[in-house]
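Colleague: Dumping the structure here so I can ask a few things about it.
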Amino acid sequence: MLNPWEIKGKTFFEKLGGLHWFWIGILLCLSILIPTLHPIGLPISTTKWTEDAYIAIKNAPKDKVIIWEDMWGMSATAAAEAAHTAVMRILFANNKPFIMYAEAVDTPQLQQYITEKVLKTAEAQGKVYGVDWVQLGFIAGGEGAIVSIAEDIHSAFKTDYYGTPLDKLPLMAKIRNYEDVGLVISSFGSTTWIESSVRQWYIKYNLPIVSYTMTGGATVSVAYYPNKGVVGIIEGGRGGAELEFLGKVYGIAQSQTDAKTLSFAIVAVMIVVGNISYFGSRGKKKNG
Amino acid sequence: MSFTYKSFIPQILLSAIIIVVLLEYVLPAGPLTAVKNELTLWLTLIGSFTFFVAGTTLVLKYSRDLIRTKKLSSVHFYAIEFFVVFLSYIGISFLTGGPSGKSYTYLYQNLQGQLLQAGWVIMAFLEPWAAYKAFQVRSIEAIILAITGFTYLLFNAPSISAAIPIIGTFANWIINVPSLAGTRGATIALAVGTILLALRMLTGKERGLTD
């Protein structure tokens, strides 16, 4: 079906089933574009997962550092931007010092992009790089890298992402190993990465973890929630919108929420239409 | 000698590392912790080195493409495209303060970042059509997929679940009961499989690793 104008089938139901993907795609694009340009302001609900994640971040011990291990990349900016921004703004608003490192090669670029945006917000005013937060950059090795960082972060990294030696960053003097960590934010896409975080941060050192992931990762994270390591779950863009609402750090998530609601509603309608077409065509064939 | 070099020594090394890591994991911090820490540092070093190997492999592959393909074709185009991008990134990185420098960051965020996102957008463009076809309830499995997928889709549309709370309740049941049971089942099966694989590695029966 290369021609979008071509509609296959003889009966109405068959024609409905033969609708070209191009028109459905166009409908979806419009449902994303219109609310992005003109936010409608649809209401949202918050989930226990995000509420718990917010409380965990807010109540993280003040004398300890938050570790933010990150696997999100630039390709997922659309899904990550709202929650990354909200998490960072909430950390700043509550004066929680944090250290970010990357488990994927293009994550530092995303972190830099988000940081530049967050630094323009009210919560970031007066915050100093090296004192309130540090960006360490990429480390290879997957779960093995967590082990290195947990045991001695100064061995795992010699400089930060910008090439500054760690001993020149005041925040790094407050942390040597897992004993100086108060909370771990583990962010990743639809993978089973949370199992590595739970094995290394929770089972070995009893450190609480906030899982910040996409839907596929949330279904794995829930196996360790709420009392087996994962103390809260932030689920992608939706979680970002909820965090903005809970932390009162309003940003881009509102327009994303509208777009998400409309586009998902269209997909849901398409599922229904697809089934009407299927059963309609089947009925006709049986009768025929 | 060949057998010793290729198989026996790697097997001994592998078994020794597995024993150290396993024992350190279950024992309180002690002398083994320092050994394991050193080993994991080596792991990150080897992990980093694989990027160098990957880069070298790509350079060799595209160099061969350029040299061996006689007639001008798309093979040349792809190879030249690779070298232009590869050398540009390396050059900009070296000349303008590394990957955290302004020029590299600008290039990455505004070129590569946008292209990567475009890949997702194309996928999203086709997704509703895929749902249109895939969620047709042709069998019992398709009915289960359609019900769970449909519910979770509506749950993830924040305003719909805010307007119809029962969707949230049902979605939570799906994720906390059948999905959780499935995840735990898979995790347990994976753990048992990993233990068996580790035992095979330890005893030298997993030949593929050292042969």
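Going by the structure tokens order, chains are called A, B, ..., each with residues numbered from 1, while ligands are numbered from 1 in the order shown.
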Tell me which protein, DNA and RNA residues are within 8 Å of Ser190 (chain A), counting only C-alpha atoms, leaving out same-chain ones fewer than 4 positions away, and put them as a ChimeraX atom specification.

Modeller: /A:213-218

Colleague: For chain A versus chain B, which residues have an atom no more than 8 Å away, and what is each residue's nearest atom pair and distance in Å rounded to one decimal, using only C-alpha atoms, chain-then-number order, as CSV?

Modeller:
```
residue,atom,partner,partner_atom,distance
A:Trp21,CA,B:Trp129,CA,5.4
A:Phe22,CA,B:Leu126,CA,8.0
A:Ile24,CA,B:Trp129,CA,6.2
A:Gly25,CA,B:Phe125,CA,4.7
A:Ile26,CA,B:Phe125,CA,7.6
A:Leu28,CA,B:Phe125,CA,7.0
A:Cys29,CA,B:Phe125,CA,7.1
A:Leu42,CA,B:Ser159,CA,6.0
A:Pro43,CA,B:Ser159,CA,5.3
A:Ile44,CA,B:Ser159,CA,4.8
A:Ser45,CA,B:Ala162,CA,4.8
A:Met74,CA,B:Gly113,CA,5.1
A:Ser75,CA,B:Leu116,CA,4.6
A:Ala76,CA,B:Gln117,CA,6.6
A:Thr77,CA,B:Gln117,CA,7.3
A:Ala78,CA,B:Gln117,CA,7.6
A:Gln109,CA,B:Thr105,CA,6.7
A:Leu110,CA,B:Gln109,CA,7.9
A:Tyr113,CA,B:Gln109,CA,7.6
A:Ile139,CA,B:Thr44,CA,6.9
A:Ala140,CA,B:Gly47,CA,5.0
A:Gly141,CA,B:Thr44,CA,4.5
A:Gly144,CA,B:Thr40,CA,5.4
A:Ala145,CA,B:Thr44,CA,6.1
A:Val147,CA,B:Thr40,CA,6.8
A:Ser148,CA,B:Thr40,CA,6.0
A:Glu151,CA,B:Asn37,CA,7.0
A:Ser155,CA,B:Leu41,CA,7.9
A:Ala156,CA,B:Leu41,CA,6.8
A:Tyr161,CA,B:Ser100,CA,6.6
A:Tyr162,CA,B:Ser100,CA,5.7
A:Lys204,CA,B:Tyr25,CA,7.7
A:Thr219,CA,B:Ile175,CA,6.5
A:Val220,CA,B:Thr183,CA,6.2
A:Val222,CA,B:Leu180,CA,7.0
A:Ala223,CA,B:Leu180,CA,5.9
A:Arg238,CA,B:Pro158,CA,6.6
A:Thr257,CA,B:Pro158,CA,6.4
A:Asp258,CA,B:Ser159,CA,7.5
A:Lys260,CA,B:Ala157,CA,5.7
A:Thr261,CA,B:Ala157,CA,4.2
A:Leu262,CA,B:Ala157,CA,7.7
A:Phe264,CA,B:Ala157,CA,5.9
A:Ala265,CA,B:Leu154,CA,6.9
A:Ile266,CA,B:Pro128,CA,7.9
A:Val267,CA,B:Pro128,CA,5.1
A:Ala268,CA,B:Phe150,CA,6.3
A:Met270,CA,B:Tyr132,CA,5.3
A:Ile271,CA,B:Tyr132,CA,4.8
A:Val272,CA,B:Tyr132,CA,7.9
A:Val273,CA,B:Tyr132,CA,7.4
A:Gly274,CA,B:Tyr132,CA,5.0
A:Asn275,CA,B:Gln136,CA,5.0
A:Tyr278,CA,B:Gln136,CA,6.7
```

Colleague: So that I have them on file, write out the residues from the current selection with C-alpha atoms, as a tab-separated table (two decimals), in the first residue's frame.

Modeller:
```tsv
chain	number	residue	atom	x	y	z
A	21	TRP	CA	-1.25	4.18	7.76
A	22	PHE	CA	-0.39	7.64	6.46
A	24	ILE	CA	-3.60	7.58	10.95
A	25	GLY	CA	-0.08	8.97	11.34
A	26	ILE	CA	-1.24	12.42	10.22
A	28	LEU	CA	-1.59	11.39	15.50
A	29	CYS	CA	0.79	14.18	14.47
A	42	LEU	CA	-6.37	19.12	30.81
A	43	PRO	CA	-6.32	17.85	34.43
A	44	ILE	CA	-3.91	15.10	35.56
A	45	SER	CA	-3.94	12.61	38.40
A	74	MET	CA	19.45	12.33	23.50
A	75	SER	CA	17.13	10.16	21.38
A	76	ALA	CA	14.67	10.05	24.27
A	77	THR	CA	14.74	13.79	24.99
A	78	ALA	CA	11.02	14.15	24.26
A	109	GLN	CA	24.91	15.41	26.34
A	110	LEU	CA	21.35	15.05	27.58
A	113	TYR	CA	21.16	20.04	27.76
A	139	ILE	CA	31.59	5.25	32.66
A	140	ALA	CA	31.67	1.91	30.82
A	141	GLY	CA	31.14	-1.46	32.43
A	144	GLY	CA	30.56	-3.45	37.23
A	145	ALA	CA	30.70	0.34	37.08
A	147	VAL	CA	30.45	-1.65	42.02
A	148	SER	CA	33.43	0.62	41.35
A	151	GLU	CA	33.24	1.16	46.63
A	155	SER	CA	38.92	5.51	41.78
A	156	ALA	CA	36.14	5.15	39.24
A	161	TYR	CA	32.73	15.60	32.60
A	162	TYR	CA	34.42	18.96	32.03
A	204	LYS	CA	24.70	-4.87	49.24
A	219	THR	CA	6.83	-3.16	35.11
A	220	VAL	CA	10.20	-4.56	36.24
A	222	VAL	CA	7.39	-2.67	40.54
A	223	ALA	CA	8.76	-6.10	41.55
A	238	ARG	CA	3.72	11.04	32.72
A	257	THR	CA	0.26	15.89	29.04
A	258	ASP	CA	-2.36	17.35	26.72
A	260	LYS	CA	-0.17	12.57	25.34
A	261	THR	CA	-3.81	12.39	26.37
A	262	LEU	CA	-5.07	13.30	22.90
A	264	PHE	CA	-3.27	8.07	23.30
A	265	ALA	CA	-7.02	8.63	22.97
A	266	ILE	CA	-6.63	8.50	19.19
A	267	VAL	CA	-4.66	5.26	19.38
A	268	ALA	CA	-7.39	3.84	21.67
A	270	MET	CA	-8.03	3.27	16.38
A	271	ILE	CA	-7.92	-0.01	18.32
A	272	VAL	CA	-11.72	0.09	18.62
A	273	VAL	CA	-12.15	1.00	14.92
A	274	GLY	CA	-9.72	-1.77	13.93
A	275	ASN	CA	-11.82	-4.30	15.81
A	278	TYR	CA	-12.30	-6.88	11.72
```

Colleague: Would you mind listing what lies within 9 Å of Trp68 (chain A) as a list in words, with only C-alpha atoms counted and same-chain residues fewer than 6 positions away left out?

Modeller: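 Skipping anything fewer than 6 positions along the chain leaves Phe98, Ile99, Met100, Tyr101, Ala102, Leu183, Val184, Ile185, Ser186 and Ser187 of chain A.
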
Colleague: Emit the selected residues as a tab-separated table (two decimals), in the first residue's frame, including N, CA and C atoms.

Modeller:
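As a result, again.tsv now contains:
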```tsv
chain	number	residue	atom	x	y	z
A	98	PHE	N	23.69	16.64	44.65
A	98	PHE	CA	23.63	15.41	43.86
A	98	PHE	C	24.78	15.30	42.86
A	99	ILE	N	25.08	14.03	42.54
A	99	ILE	CA	26.15	13.73	41.58
A	99	ILE	C	25.54	12.88	40.46
A	100	MET	N	25.71	13.36	39.23
A	100	MET	CA	25.17	12.60	38.09
A	100	MET	C	26.32	11.87	37.40
A	101	TYR	N	26.07	10.65	37.00
A	101	TYR	CA	27.00	9.99	36.09
A	101	TYR	C	26.20	9.25	35.03
A	102	ALA	N	26.86	8.88	33.95
A	102	ALA	CA	26.15	8.32	32.81
A	102	ALA	C	26.57	6.89	32.54
A	183	LEU	N	20.62	8.49	48.82
A	183	LEU	CA	19.57	8.00	47.92
A	183	LEU	C	20.18	7.81	46.54
A	184	VAL	N	19.65	6.84	45.82
A	184	VAL	CA	20.10	6.61	44.44
A	184	VAL	C	18.91	6.84	43.51
A	185	ILE	N	19.09	7.69	42.52
A	185	ILE	CA	18.07	7.83	41.47
A	185	ILE	C	18.61	7.05	40.27
A	186	SER	N	17.89	6.00	39.91
A	186	SER	CA	18.35	5.16	38.80
A	186	SER	C	17.45	5.43	37.60
A	187	SER	N	18.00	6.07	36.58
A	187	SER	CA	17.13	6.39	35.43
A	187	SER	C	17.59	5.66	34.18
```

Colleague: Taking the DSSP assignment computed from this structure's backbone, write out as JSON, numbers by chain all residues of region 106-271 of chain A that belong to strand (DSSP E or B).

Modeller: {"A": [129, 133, 134, 135, 136, 137, 138, 159, 165, 181, 182, 183, 184, 185, 186, 187, 209, 210, 211, 212, 213, 230, 231, 232, 233, 234, 235]}

Colleague: Can I get the selected residues back with N, CA and C atoms, as a PDB file, in the first residue's frame?

Modeller:
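As written to disk, result34.pdb reads:
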```
ATOM      1  N   TYR A 129      28.066  25.055  40.687  1.00  0.00           N
ATOM      2  CA  TYR A 129      28.574  23.774  40.201  1.00  0.00           C
ATOM      3  C   TYR A 129      29.789  23.357  41.045  1.00  0.00           C
ATOM      4  N   TRP A 133      25.994  20.452  42.856  1.00  0.00           N
ATOM      5  CA  TRP A 133      25.899  19.289  41.971  1.00  0.00           C
ATOM      6  C   TRP A 133      27.196  19.113  41.185  1.00  0.00           C
ATOM      7  N   VAL A 134      27.370  17.858  40.727  1.00  0.00           N
ATOM      8  CA  VAL A 134      28.544  17.529  39.900  1.00  0.00           C
ATOM      9  C   VAL A 134      28.083  16.596  38.781  1.00  0.00           C
ATOM     10  N   GLN A 135      28.619  16.825  37.591  1.00  0.00           N
ATOM     11  CA  GLN A 135      28.327  15.919  36.470  1.00  0.00           C
ATOM     12  C   GLN A 135      29.602  15.153  36.138  1.00  0.00           C
ATOM     13  N   LEU A 136      29.561  13.833  36.346  1.00  0.00           N
ATOM     14  CA  LEU A 136      30.791  13.052  36.194  1.00  0.00           C
ATOM     15  C   LEU A 136      31.048  12.513  34.788  1.00  0.00           C
ATOM     16  N   GLY A 137      30.023  12.400  33.981  1.00  0.00           N
ATOM     17  CA  GLY A 137      30.244  11.875  32.631  1.00  0.00           C
ATOM     18  C   GLY A 137      30.036  10.378  32.532  1.00  0.00           C
ATOM     19  N   PHE A 138      30.492   9.816  31.416  1.00  0.00           N
ATOM     20  CA  PHE A 138      30.210   8.413  31.100  1.00  0.00           C
ATOM     21  C   PHE A 138      31.226   7.464  31.725  1.00  0.00           C
ATOM     22  N   THR A 159      38.324  12.708  36.909  1.00  0.00           N
ATOM     23  CA  THR A 159      37.877  14.080  36.620  1.00  0.00           C
ATOM     24  C   THR A 159      36.368  14.063  36.390  1.00  0.00           C
ATOM     25  N   PRO A 165      39.687  18.040  37.870  1.00  0.00           N
ATOM     26  CA  PRO A 165      40.022  16.966  38.828  1.00  0.00           C
ATOM     27  C   PRO A 165      39.036  16.965  39.997  1.00  0.00           C
ATOM     28  N   VAL A 181      26.317   8.062  50.636  1.00  0.00           N
ATOM     29  CA  VAL A 181      25.174   8.218  49.724  1.00  0.00           C
ATOM     30  C   VAL A 181      23.873   8.071  50.516  1.00  0.00           C
ATOM     31  N   GLY A 182      22.905   8.985  50.261  1.00  0.00           N
ATOM     32  CA  GLY A 182      21.626   8.936  50.973  1.00  0.00           C
ATOM     33  C   GLY A 182      20.515   8.334  50.138  1.00  0.00           C
ATOM     34  N   LEU A 183      20.621   8.486  48.823  1.00  0.00           N
ATOM     35  CA  LEU A 183      19.565   8.004  47.921  1.00  0.00           C
ATOM     36  C   LEU A 183      20.176   7.812  46.539  1.00  0.00           C
ATOM     37  N   VAL A 184      19.655   6.835  45.819  1.00  0.00           N
ATOM     38  CA  VAL A 184      20.100   6.611  44.436  1.00  0.00           C
ATOM     39  C   VAL A 184      18.906   6.837  43.513  1.00  0.00           C
ATOM     40  N   ILE A 185      19.095   7.687  42.519  1.00  0.00           N
ATOM     41  CA  ILE A 185      18.069   7.826  41.473  1.00  0.00           C
ATOM     42  C   ILE A 185      18.608   7.053  40.272  1.00  0.00           C
ATOM     43  N   SER A 186      17.891   6.002  39.908  1.00  0.00           N
ATOM     44  CA  SER A 186      18.347   5.163  38.800  1.00  0.00           C
ATOM     45  C   SER A 186      17.447   5.427  37.597  1.00  0.00           C
ATOM     46  N   SER A 187      17.995   6.068  36.580  1.00  0.00           N
ATOM     47  CA  SER A 187      17.133   6.391  35.435  1.00  0.00           C
ATOM     48  C   SER A 187      17.586   5.659  34.179  1.00  0.00           C
ATOM     49  N   ILE A 209      16.298   3.319  46.451  1.00  0.00           N
ATOM     50  CA  ILE A 209      16.430   3.691  45.033  1.00  0.00           C
ATOM     51  C   ILE A 209      15.111   4.267  44.523  1.00  0.00           C
ATOM     52  N   VAL A 210      15.206   5.376  43.807  1.00  0.00           N
ATOM     53  CA  VAL A 210      14.053   5.886  43.057  1.00  0.00           C
ATOM     54  C   VAL A 210      14.270   5.450  41.613  1.00  0.00           C
ATOM     55  N   SER A 211      13.318   4.693  41.086  1.00  0.00           N
ATOM     56  CA  SER A 211      13.438   4.223  39.705  1.00  0.00           C
ATOM     57  C   SER A 211      12.743   5.218  38.784  1.00  0.00           C
ATOM     58  N   TYR A 212      13.502   5.748  37.833  1.00  0.00           N
ATOM     59  CA  TYR A 212      12.931   6.702  36.882  1.00  0.00           C
ATOM     60  C   TYR A 212      13.097   6.089  35.505  1.00  0.00           C
ATOM     61  N   THR A 213      11.982   5.646  34.936  1.00  0.00           N
ATOM     62  CA  THR A 213      12.066   4.783  33.762  1.00  0.00           C
ATOM     63  C   THR A 213      10.877   4.974  32.836  1.00  0.00           C
ATOM     64  N   VAL A 230      13.264  -0.420  45.798  1.00  0.00           N
ATOM     65  CA  VAL A 230      12.714   0.725  45.057  1.00  0.00           C
ATOM     66  C   VAL A 230      11.660   1.420  45.926  1.00  0.00           C
ATOM     67  N   VAL A 231      11.916   2.675  46.264  1.00  0.00           N
ATOM     68  CA  VAL A 231      11.000   3.387  47.169  1.00  0.00           C
ATOM     69  C   VAL A 231      10.034   4.299  46.411  1.00  0.00           C
ATOM     70  N   GLY A 232      10.246   4.459  45.131  1.00  0.00           N
ATOM     71  CA  GLY A 232       9.337   5.264  44.320  1.00  0.00           C
ATOM     72  C   GLY A 232       9.645   5.065  42.851  1.00  0.00           C
ATOM     73  N   ILE A 233       8.626   5.264  42.002  1.00  0.00           N
ATOM     74  CA  ILE A 233       8.832   5.063  40.555  1.00  0.00           C
ATOM     75  C   ILE A 233       8.329   6.296  39.803  1.00  0.00           C
ATOM     76  N   ILE A 234       9.189   6.839  38.944  1.00  0.00           N
ATOM     77  CA  ILE A 234       8.789   7.943  38.067  1.00  0.00           C
ATOM     78  C   ILE A 234       8.696   7.352  36.668  1.00  0.00           C
ATOM     79  N   GLU A 235       7.478   7.356  36.099  1.00  0.00           N
ATOM     80  CA  GLU A 235       7.291   6.689  34.807  1.00  0.00           C
ATOM     81  C   GLU A 235       7.293   7.699  33.660  1.00  0.00           C
TER      82      GLU A 235
END
```

Colleague: One decimal, in Å: what's the spacing between CA of Ile12 (chain B) and CA of Leu32 (chain B)?

Modeller: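 These atoms are spaced 17.8 Å apart.
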